[in-house]
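Participant: Below is one structure. I have some questions about it.
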Amino acid sequence: MRRYYPLLILLFCQSFILKSWGQKKLALEQIQVYSSINPSASYWNLPKDIQPILNALDSGIFLKLGLSRDVLIVPTGLKLTKQNELGKININWTATRDYDYHAYLELYEMDPDFIHKNNLVDVSDSKKDSIHSYWFITVSIFNNQQQKTLQRTIILGLAPITSLGIGYVNQTSASTPYNIYNAVTQCIKLLSPDGEGIEYLDAKLPIAYTTDNYWMPYVHNQPRIIFDTTKSFITYNTKSGAHILRSPAAILNKINVKDKNPNNPYKNIISLIKKNRINAYNSEYYQVVQHLRDVKNDHDYDIVGYMEFNTDAAAANSQLALVFLPDSVHKIYNNKDSIGNFIVKDIVPEKDKYFYSEMIYNGYDSTKQYAITDKITSPKYSIVHVKSIDGKINNTNFSIKLSANNSIKTIFINDKLSMIISGKEKPYQMVLVDKNADEQLSDFLIMFSFSEIFKNPN
């Protein structure tokens, strides 16, 4: 059972006020840090350069109180290791006993469940789901009689948001350590003696991504093409002008494999199913039709594929419950003319390509990387594509890799990397790796990779 730190709640709910401070000298004794979410991680440790934090205190609450911090006194950094140490301050003023006031700064990353179940902040239910973690930011000031004369707390909710990064999203921390401490420092500036005992603020931070040796070399500091999906179509701009792409809902037609009518339009497919599928009569089969419209180039495409729904896999919660038939029977049409075909494979590992879960960066500038643990225990994990689509259109080979829970589409034309696109249901941004790629073909492959038929129905 989770413990909810009753001592911590009591301490943070107290408020102390001293009416007259005067021009007094103050020693900042200690900065305590802890994470109840990832106590063994290192991303929440104090940064090596704490000067921005000291400046925030000096220009904020200390200035408002008329207290002058002795800059020659370097506060100790204390990384707590146990939950029951939170909210406790061990007074040891051997070197600073002659100072009028002594201050302590506490920075604790807390589990959202702790905050919500104890009603420490007023956050709407719709907003709660977006909060990755909360930070308690507390300044306590004691007089030279060891009496606590003031305590102020800001609870900071951190919500990760989509950024220009591309890669596997890091689930451990709300953002990179730099972004987290920048937000924390801004909150420290806002601590005020005139405020309430506890105040709440929230901040939206760019998502952090794991490092990898697959996308990272190509997305590093490369320009992004941003898609507009606010309307019922997809638009983006290049030097040649605006691209307008439409991808309506797919049509699903059930196939009756027991239908022996010689005029059955699915007769050939049924024959193939009975020949190659072990559970031909235990599964359900569908024809899926996806229409695509390239407005700029005035092309209408139809994607026609055939899928198997395995009820046994569905009962087992398998992501392979609905799969394409493993044959090249899936066709691409342009104005009813057959111009290509494709085959779809599920769960395809990429040889010698990995993501490194304990090394993170902002998904844009790979020169700035951060270790989120003190020891790298799991150095790498294989990159495995959710789906790999290989096909040919107008005698041009293409390959589309759907990865990172279908949030990254990696597109190859004739075995040459062409585009890397982020976005799950709709495209968000693109790195155009091959600047000379045919735009008409690229537009088709963008629409094709975001077709409804490739979205996991589970």
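Each chain in the structure tokens gets a letter, A, B, ..., in the order shown, and its residues are numbered from 1; ligands are numbered from 1 in order too.
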Would you list, as a PyMOL selection string, the residues of stretch 62-223 of chain A that end up in strand (DSSP E or B) under DSSP run on this structure's backbone?
Facilitator: chain A and resi 67-69+76-79+101-110+133-143+148-161+169+198-206+209-212
Participant: Where in stretch 10-182 of chain A does DSSP assign alpha helix (DSSP H), given as a PyMOL selection string?
Facilitator: chain A and resi 10-12+51-59+61-65+112-117+125-128+177-182
Participant: Can you tell me, as a PyMOL selection string, what residues are no more than 9 Å from stretch 334-345 of chain A when counting only C-alpha atoms, ignoring any on the same chain fewer than 3 positions away?
Facilitator: chain A and resi 299-303+305+323-331+348+386-396+398
Participant: Any chance you could tabulate, as CSV, the residues of stretch 187-263 of chain A at most 10 Å from stretch 125-139 of chain A with each one's nearest atom pair and distance in Å to one decimal, using only C-alpha atoms, in chain and rising number order?
Facilitator:
residue,atom,partner,partner_atom,distance
A:Cys187,CA,A:Ile137,CA,7.7
A:Ile188,CA,A:Ile137,CA,7.0
A:Leu191,CA,A:Val139,CA,8.0
A:Ser192,CA,A:Val139,CA,9.7
A:Gly197,CA,A:Thr138,CA,9.7
A:Ile198,CA,A:Thr138,CA,8.9
A:Glu199,CA,A:Ile137,CA,9.9
A:Tyr200,CA,A:Phe136,CA,9.6
A:Leu201,CA,A:Tyr134,CA,9.7
A:Asp202,CA,A:Tyr134,CA,8.7
A:Ala203,CA,A:Ile131,CA,9.2
A:Lys204,CA,A:Ile131,CA,9.0
Participant: For the residues selected in the previous step, produce a file with all heavy atoms as a PDB file, in the first residue's frame.
Facilitator:
ATOM      1  N   CYS A 187       9.666  28.940 -10.813  1.00  0.00           N
ATOM      2  CA  CYS A 187       8.735  28.914  -9.679  1.00  0.00           C
ATOM      3  C   CYS A 187       9.382  29.443  -8.403  1.00  0.00           C
ATOM      4  O   CYS A 187       8.728  30.108  -7.595  1.00  0.00           O
ATOM      5  CB  CYS A 187       8.229  27.488  -9.451  1.00  0.00           C
ATOM      6  SG  CYS A 187       6.871  27.044 -10.526  1.00  0.00           S
ATOM      7  N   ILE A 188      10.656  29.141  -8.221  1.00  0.00           N
ATOM      8  CA  ILE A 188      11.361  29.658  -7.040  1.00  0.00           C
ATOM      9  C   ILE A 188      11.323  31.180  -7.029  1.00  0.00           C
ATOM     10  O   ILE A 188      11.161  31.813  -5.981  1.00  0.00           O
ATOM     11  CB  ILE A 188      12.816  29.141  -7.016  1.00  0.00           C
ATOM     12  CG1 ILE A 188      12.831  27.625  -6.767  1.00  0.00           C
ATOM     13  CG2 ILE A 188      13.636  29.852  -5.946  1.00  0.00           C
ATOM     14  CD1 ILE A 188      14.201  26.981  -6.887  1.00  0.00           C
ATOM     15  N   LEU A 191       8.087  32.501  -5.410  1.00  0.00           N
ATOM     16  CA  LEU A 191       7.803  32.352  -3.985  1.00  0.00           C
ATOM     17  C   LEU A 191       7.751  33.722  -3.327  1.00  0.00           C
ATOM     18  O   LEU A 191       8.641  34.550  -3.522  1.00  0.00           O
ATOM     19  CB  LEU A 191       8.879  31.495  -3.309  1.00  0.00           C
ATOM     20  CG  LEU A 191       8.839  29.998  -3.618  1.00  0.00           C
ATOM     21  CD1 LEU A 191      10.144  29.341  -3.209  1.00  0.00           C
ATOM     22  CD2 LEU A 191       7.654  29.332  -2.919  1.00  0.00           C
ATOM     23  N   SER A 192       6.713  33.952  -2.547  1.00  0.00           N
ATOM     24  CA  SER A 192       6.523  35.291  -1.974  1.00  0.00           C
ATOM     25  C   SER A 192       6.085  35.193  -0.522  1.00  0.00           C
ATOM     26  O   SER A 192       5.271  34.336  -0.169  1.00  0.00           O
ATOM     27  CB  SER A 192       5.461  36.056  -2.767  1.00  0.00           C
ATOM     28  OG  SER A 192       5.139  37.271  -2.130  1.00  0.00           O
ATOM     29  N   GLY A 197       0.164  29.796   2.125  1.00  0.00           N
ATOM     30  CA  GLY A 197       1.098  28.762   2.562  1.00  0.00           C
ATOM     31  C   GLY A 197       1.478  27.831   1.433  1.00  0.00           C
ATOM     32  O   GLY A 197       2.627  27.442   1.275  1.00  0.00           O
ATOM     33  N   ILE A 198       0.477  27.442   0.616  1.00  0.00           N
ATOM     34  CA  ILE A 198       0.709  26.584  -0.539  1.00  0.00           C
ATOM     35  C   ILE A 198       0.010  27.196  -1.744  1.00  0.00           C
ATOM     36  O   ILE A 198      -1.172  27.525  -1.685  1.00  0.00           O
ATOM     37  CB  ILE A 198       0.186  25.154  -0.312  1.00  0.00           C
ATOM     38  CG1 ILE A 198       0.939  24.470   0.836  1.00  0.00           C
ATOM     39  CG2 ILE A 198       0.324  24.316  -1.582  1.00  0.00           C
ATOM     40  CD1 ILE A 198       0.489  23.055   1.108  1.00  0.00           C
ATOM     41  N   GLU A 199       0.736  27.362  -2.830  1.00  0.00           N
ATOM     42  CA  GLU A 199       0.158  27.840  -4.075  1.00  0.00           C
ATOM     43  C   GLU A 199       0.407  26.794  -5.158  1.00  0.00           C
ATOM     44  O   GLU A 199       1.345  26.007  -5.073  1.00  0.00           O
ATOM     45  CB  GLU A 199       0.782  29.175  -4.494  1.00  0.00           C
ATOM     46  CG  GLU A 199       0.529  30.293  -3.505  1.00  0.00           C
ATOM     47  CD  GLU A 199       1.119  31.609  -3.983  1.00  0.00           C
ATOM     48  OE1 GLU A 199       0.495  32.266  -4.831  1.00  0.00           O
ATOM     49  OE2 GLU A 199       2.216  31.949  -3.513  1.00  0.00           O
ATOM     50  N   TYR A 200      -0.459  26.811  -6.175  1.00  0.00           N
ATOM     51  CA  TYR A 200      -0.321  25.835  -7.250  1.00  0.00           C
ATOM     52  C   TYR A 200      -0.074  26.529  -8.583  1.00  0.00           C
ATOM     53  O   TYR A 200      -0.720  27.528  -8.920  1.00  0.00           O
ATOM     54  CB  TYR A 200      -1.573  24.965  -7.366  1.00  0.00           C
ATOM     55  CG  TYR A 200      -1.513  24.046  -8.577  1.00  0.00           C
ATOM     56  CD1 TYR A 200      -0.610  22.989  -8.607  1.00  0.00           C
ATOM     57  CD2 TYR A 200      -2.306  24.280  -9.694  1.00  0.00           C
ATOM     58  CE1 TYR A 200      -0.514  22.164  -9.713  1.00  0.00           C
ATOM     59  CE2 TYR A 200      -2.218  23.450 -10.809  1.00  0.00           C
ATOM     60  CZ  TYR A 200      -1.325  22.399 -10.819  1.00  0.00           C
ATOM     61  OH  TYR A 200      -1.222  21.600 -11.926  1.00  0.00           O
ATOM     62  N   LEU A 201       0.870  25.977  -9.341  1.00  0.00           N
ATOM     63  CA  LEU A 201       1.148  26.424 -10.700  1.00  0.00           C
ATOM     64  C   LEU A 201       1.350  25.181 -11.559  1.00  0.00           C
ATOM     65  O   LEU A 201       1.638  24.097 -11.049  1.00  0.00           O
ATOM     66  CB  LEU A 201       2.411  27.290 -10.755  1.00  0.00           C
ATOM     67  CG  LEU A 201       2.392  28.631 -10.007  1.00  0.00           C
ATOM     68  CD1 LEU A 201       3.785  29.235 -10.010  1.00  0.00           C
ATOM     69  CD2 LEU A 201       1.398  29.592 -10.646  1.00  0.00           C
ATOM     70  N   ASP A 202       1.181  25.349 -12.862  1.00  0.00           N
ATOM     71  CA  ASP A 202       1.527  24.234 -13.745  1.00  0.00           C
ATOM     72  C   ASP A 202       2.350  24.751 -14.909  1.00  0.00           C
ATOM     73  O   ASP A 202       2.336  25.940 -15.226  1.00  0.00           O
ATOM     74  CB  ASP A 202       0.290  23.465 -14.228  1.00  0.00           C
ATOM     75  CG  ASP A 202      -0.748  24.350 -14.880  1.00  0.00           C
ATOM     76  OD1 ASP A 202      -0.380  25.150 -15.755  1.00  0.00           O
ATOM     77  OD2 ASP A 202      -1.934  24.232 -14.539  1.00  0.00           O
ATOM     78  N   ALA A 203       3.076  23.843 -15.515  1.00  0.00           N
ATOM     79  CA  ALA A 203       3.954  24.195 -16.634  1.00  0.00           C
ATOM     80  C   ALA A 203       3.903  23.095 -17.673  1.00  0.00           C
ATOM     81  O   ALA A 203       3.831  21.909 -17.340  1.00  0.00           O
ATOM     82  CB  ALA A 203       5.387  24.391 -16.141  1.00  0.00           C
ATOM     83  N   LYS A 204       3.932  23.500 -18.935  1.00  0.00           N
ATOM     84  CA  LYS A 204       3.987  22.558 -20.048  1.00  0.00           C
ATOM     85  C   LYS A 204       5.419  22.509 -20.561  1.00  0.00           C
ATOM     86  O   LYS A 204       5.981  23.541 -20.919  1.00  0.00           O
ATOM     87  CB  LYS A 204       3.021  22.980 -21.155  1.00  0.00           C
ATOM     88  CG  LYS A 204       1.552  22.949 -20.720  1.00  0.00           C
ATOM     89  CD  LYS A 204       0.629  23.401 -21.836  1.00  0.00           C
ATOM     90  CE  LYS A 204      -0.824  23.333 -21.389  1.00  0.00           C
ATOM     91  NZ  LYS A 204      -1.749  23.786 -22.463  1.00  0.00           N
TER      92      LYS A 204
END
Participant: With a distance cut-off of 6 Å and only C-alpha atoms, select the neighbouring residues of stretch 430-435 of chain A, excluding the residue or stretch itself and same-chain residues fewer than 6 positions from it, and output the selection as a list of chain:residue names.
Facilitator: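 Here the qualifying residues turn out to be A:Arg224, A:Ile225, A:Ser418, A:Met419, A:Ile420, A:Ile421.
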Participant: Take the residues that were just selected and, keeping all heavy atoms, output them as an mmCIF file, in the first residue's frame.
Facilitator:
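In the end it all went to out12.cif:
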data_model
loop_
_atom_site.group_PDB
_atom_site.id
_atom_site.type_symbol
_atom_site.label_atom_id
_atom_site.label_comp_id
_atom_site.auth_asym_id
_atom_site.auth_seq_id
_atom_site.Cartn_x
_atom_site.Cartn_y
_atom_site.Cartn_z
ATOM 1 N N ARG A 224 12.125 21.092 -39.681
ATOM 2 C CA ARG A 224 10.885 20.334 -39.636
ATOM 3 C C ARG A 224 9.859 20.967 -40.574
ATOM 4 O O ARG A 224 9.727 22.194 -40.624
ATOM 5 C CB ARG A 224 10.301 20.334 -38.231
ATOM 6 C CG ARG A 224 10.700 19.163 -37.326
ATOM 7 C CD ARG A 224 12.152 18.980 -37.105
ATOM 8 N NE ARG A 224 12.401 18.052 -35.988
ATOM 9 C CZ ARG A 224 13.538 17.470 -35.758
ATOM 10 N NH1 ARG A 224 14.568 17.690 -36.561
ATOM 11 N NH2 ARG A 224 13.688 16.651 -34.734
ATOM 12 N N ILE A 225 9.151 20.127 -41.281
ATOM 13 C CA ILE A 225 7.984 20.574 -42.039
ATOM 14 C C ILE A 225 6.764 20.244 -41.187
ATOM 15 O O ILE A 225 6.542 19.083 -40.828
ATOM 16 C CB ILE A 225 7.904 19.862 -43.402
ATOM 17 C CG1 ILE A 225 9.097 20.264 -44.275
ATOM 18 C CG2 ILE A 225 6.595 20.209 -44.114
ATOM 19 C CD1 ILE A 225 9.182 19.511 -45.585
ATOM 20 N N SER A 418 13.830 8.416 -47.211
ATOM 21 C CA SER A 418 13.262 9.623 -47.811
ATOM 22 C C SER A 418 12.661 10.577 -46.789
ATOM 23 O O SER A 418 12.941 11.771 -46.805
ATOM 24 C CB SER A 418 12.191 9.235 -48.835
ATOM 25 O OG SER A 418 11.594 10.376 -49.394
ATOM 26 N N MET A 419 11.818 10.047 -45.888
ATOM 27 C CA MET A 419 11.096 10.898 -44.942
ATOM 28 C C MET A 419 11.002 10.224 -43.577
ATOM 29 O O MET A 419 10.878 8.997 -43.500
ATOM 30 C CB MET A 419 9.675 11.178 -45.449
ATOM 31 C CG MET A 419 9.585 11.975 -46.719
ATOM 32 S SD MET A 419 7.884 11.982 -47.394
ATOM 33 C CE MET A 419 7.875 10.401 -48.250
ATOM 34 N N ILE A 420 11.035 11.029 -42.533
ATOM 35 C CA ILE A 420 10.728 10.582 -41.176
ATOM 36 C C ILE A 420 9.613 11.489 -40.674
ATOM 37 O O ILE A 420 9.774 12.714 -40.620
ATOM 38 C CB ILE A 420 11.952 10.666 -40.247
ATOM 39 C CG1 ILE A 420 13.097 9.808 -40.804
ATOM 40 C CG2 ILE A 420 11.582 10.215 -38.837
ATOM 41 C CD1 ILE A 420 14.395 9.978 -40.037
ATOM 42 N N ILE A 421 8.478 10.889 -40.324
ATOM 43 C CA ILE A 421 7.299 11.667 -39.953
ATOM 44 C C ILE A 421 6.835 11.245 -38.569
ATOM 45 O O ILE A 421 6.736 10.046 -38.272
ATOM 46 C CB ILE A 421 6.152 11.449 -40.960
ATOM 47 C CG1 ILE A 421 6.647 11.678 -42.393
ATOM 48 C CG2 ILE A 421 4.982 12.376 -40.666
ATOM 49 C CD1 ILE A 421 5.633 11.311 -43.453
#
Participant: What gap, in Å, lies between atom CA of A:Leu252 and atom CA of A:Thr230?
Facilitator: 25.7 Å
Participant: Separation of atom CA of A:Pro160 and atom CA of A:Ser232, in Å?
Facilitator: 26.4 Å
Participant: I'd like the neighbourhood of A:Pro75 as a list of chain:residue names, where a residue qualifies if any of its atoms comes within 6 Å (using only C-alpha atoms), though same-chain residues fewer than 4 positions away should be ignored.
Facilitator: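 My reading of the contact set: A:Leu28, A:Glu29, A:Gln30.
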Participant: Any chance you could export the current selection's N, CA, C and O atoms as a short mmCIF file (atom, residue, chain, number, x, y, z; two decimals), in the first residue's frame?
Facilitator:
data_model
loop_
_atom_site.label_atom_id
_atom_site.label_comp_id
_atom_site.auth_asym_id
_atom_site.auth_seq_id
_atom_site.Cartn_x
_atom_site.Cartn_y
_atom_site.Cartn_z
N LEU A 28 21.98 30.47 3.42
CA LEU A 28 21.23 29.37 2.83
C LEU A 28 21.99 28.09 3.15
O LEU A 28 23.09 27.86 2.64
N GLU A 29 21.41 27.30 4.03
CA GLU A 29 22.14 26.16 4.58
C GLU A 29 22.13 24.93 3.67
O GLU A 29 23.17 24.26 3.52
N GLN A 30 20.98 24.64 3.08
CA GLN A 30 20.87 23.34 2.43
C GLN A 30 19.78 23.35 1.36
O GLN A 30 18.78 24.08 1.47
#
Participant: Between A:Ile400, A:Leu78, A:Leu46, A:Ile453, which has the minimum distance to A:Gln287 (counting only C-alpha atoms)?
Facilitator: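 Smallest separation from A:Gln287 among the options: A:Ile453.
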Participant: Atom CA of A:Ser378 and atom CA of A:Ser357 are how many Å apart?
Facilitator: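 Going from atom CA of A:Ser378 over to atom CA of A:Ser357, I get 7.4 Å.
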Participant: Stretch 165-176 of chain A: which residues within 7 Å, counting only C-alpha atoms, same-chain residues fewer than 6 positions away excluded, as a list of chain:residue names?
Facilitator: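 Here the qualifying residues turn out to be A:His132, A:Ser133, A:Leu158, A:Ala159, A:Leu205, A:Pro206, A:Ile207, A:Ala208, A:Tyr209, A:Thr210, A:Trp215, A:Tyr361, A:Asn362, A:Gly363, A:Tyr364, A:Ala404, A:Ser422.
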Participant: Which residues, written as a list in words, have at least one atom at most 10 Å from A:Ile53, with only C-alpha atoms counted and residues fewer than 4 positions away on the same chain left out?
Facilitator: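 Listing them by chain and then by number gives Ile31, Leu46, Pro47, Asp49, Leu57, Asp58, Leu105, Tyr181, Asn182, Val184, Thr185, Gln186, Cys187, Ile188 and Lys189 of chain A.
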Participant: Considering only C-alpha atoms, can you say which of A:Lys375, A:Lys148, A:Arg293, A:Lys25 comes closest to A:Ser40?
Facilitator: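 Ranking A:Lys375, A:Lys148, A:Arg293, A:Lys25 by distance to A:Ser40, first place goes to A:Lys375.
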